Amino acid sequence: AVPETPSLFAQQEAGTSAKARSAAALDDLGKYSEGEKRLLSLITNEPVDVDTLIVRSGLTAQEVQSGLLVLSLDGVIRQLPGKMYLRKE
């Protein structure tokens, strides 16, 4: 059987709920560590690579990777190819 493609409405609804989760996560910045907040301040709508985040944040590579994982799982940022990150809108 061929899997069904989600309807346009379902795709839009899924996008809306992802945006809502991202907005809710940004509204609740208190749940993030200082390192995660520092990363969030450095990640904008322009892609930035991990090495730049390590240098600019002053965090260790492990702290940066951990923070990026948390922020990605919360839907606040997204990873692009080449270990580049940007903030979700």
# chains A, B, ... in the order shown; residues from 1 in each chain; ligands from 1
>>> select_by_dssp(residues="stretch 49-89 of chain A", states="alpha helix (DSSP H)", output="list in words")
Val50, Asp51, Thr52, Leu53, Ile54, Val55, Arg56, Ser57, Ala61, Gln62, Glu63, Val64, Gln65, Ser66, Gly67, Leu68, Leu69, Val70, Leu71, Ser72 and Leu73 of chain A
>>> write_last_selection(atoms="C-alpha atoms", output="short mmCIF file (atom, residue, chain, number, x, y, z; two decimals), in the first residue's frame")
data_model
loop_
_atom_site.label_atom_id
_atom_site.label_comp_id
_atom_site.auth_asym_id
_atom_site.auth_seq_id
_atom_site.Cartn_x
_atom_site.Cartn_y
_atom_site.Cartn_z
CA VAL A 50 29.10 25.13 16.10
CA ASP A 51 32.71 26.37 16.16
CA THR A 52 31.56 29.99 16.08
CA LEU A 53 29.11 29.29 18.92
CA ILE A 54 31.92 27.75 21.00
CA VAL A 55 34.20 30.75 20.49
CA ARG A 56 31.53 33.44 20.98
CA SER A 57 29.80 31.80 23.94
CA ALA A 61 32.29 22.11 23.11
CA GLN A 62 30.36 19.67 25.32
CA GLU A 63 28.26 22.48 26.85
CA VAL A 64 27.48 23.88 23.41
CA GLN A 65 26.47 20.47 22.02
CA SER A 66 24.31 19.78 25.05
CA GLY A 67 22.64 23.20 24.85
CA LEU A 68 22.00 22.84 21.13
CA LEU A 69 20.34 19.48 21.74
CA VAL A 70 18.02 20.92 24.40
CA LEU A 71 17.09 23.92 22.26
CA SER A 72 16.53 21.71 19.20
CA LEU A 73 14.32 19.29 21.09
#
>>> atom_distance(atom1="atom CA of A:Lys83", atom2="atom CA of A:Glu36")
17.0 Å
>>> atom_distance(atom1="atom CA of A:Met84", atom2="atom CA of A:Pro47")
5.7 Å
>>> atom_distance(atom1="atom CA of A:Tyr85", atom2="atom CA of A:Val48")
5.4 Å
>>> residues_around(residues="A:Thr44", least_positions_apart="6", cutoff="9 Å", atoms="only C-alpha atoms", output="list in words")
Ile77, Tyr85, Leu86, Arg87 and Lys88 of chain A
>>> write_last_selection(atoms="N, CA and C atoms", output="PDB file, in the first residue's frame")
ATOM      1  N   ILE A  77      15.281  26.112  18.048  1.00  0.00           N
ATOM      2  CA  ILE A  77      16.252  26.269  16.964  1.00  0.00           C
ATOM      3  C   ILE A  77      16.145  25.046  16.061  1.00  0.00           C
ATOM      4  N   TYR A  85      23.186  26.154  12.658  1.00  0.00           N
ATOM      5  CA  TYR A  85      21.954  26.296  13.436  1.00  0.00           C
ATOM      6  C   TYR A  85      21.350  27.673  13.201  1.00  0.00           C
ATOM      7  N   LEU A  86      20.018  27.734  13.269  1.00  0.00           N
ATOM      8  CA  LEU A  86      19.328  29.008  13.241  1.00  0.00           C
ATOM      9  C   LEU A  86      18.079  28.923  14.092  1.00  0.00           C
ATOM     10  N   ARG A  87      17.576  30.088  14.469  1.00  0.00           N
ATOM     11  CA  ARG A  87      16.398  30.166  15.317  1.00  0.00           C
ATOM     12  C   ARG A  87      15.155  29.926  14.473  1.00  0.00           C
ATOM     13  N   LYS A  88      14.231  29.154  15.017  1.00  0.00           N
ATOM     14  CA  LYS A  88      12.962  28.954  14.333  1.00  0.00           C
ATOM     15  C   LYS A  88      12.100  30.181  14.519  1.00  0.00           C
TER      16      LYS A  88
END
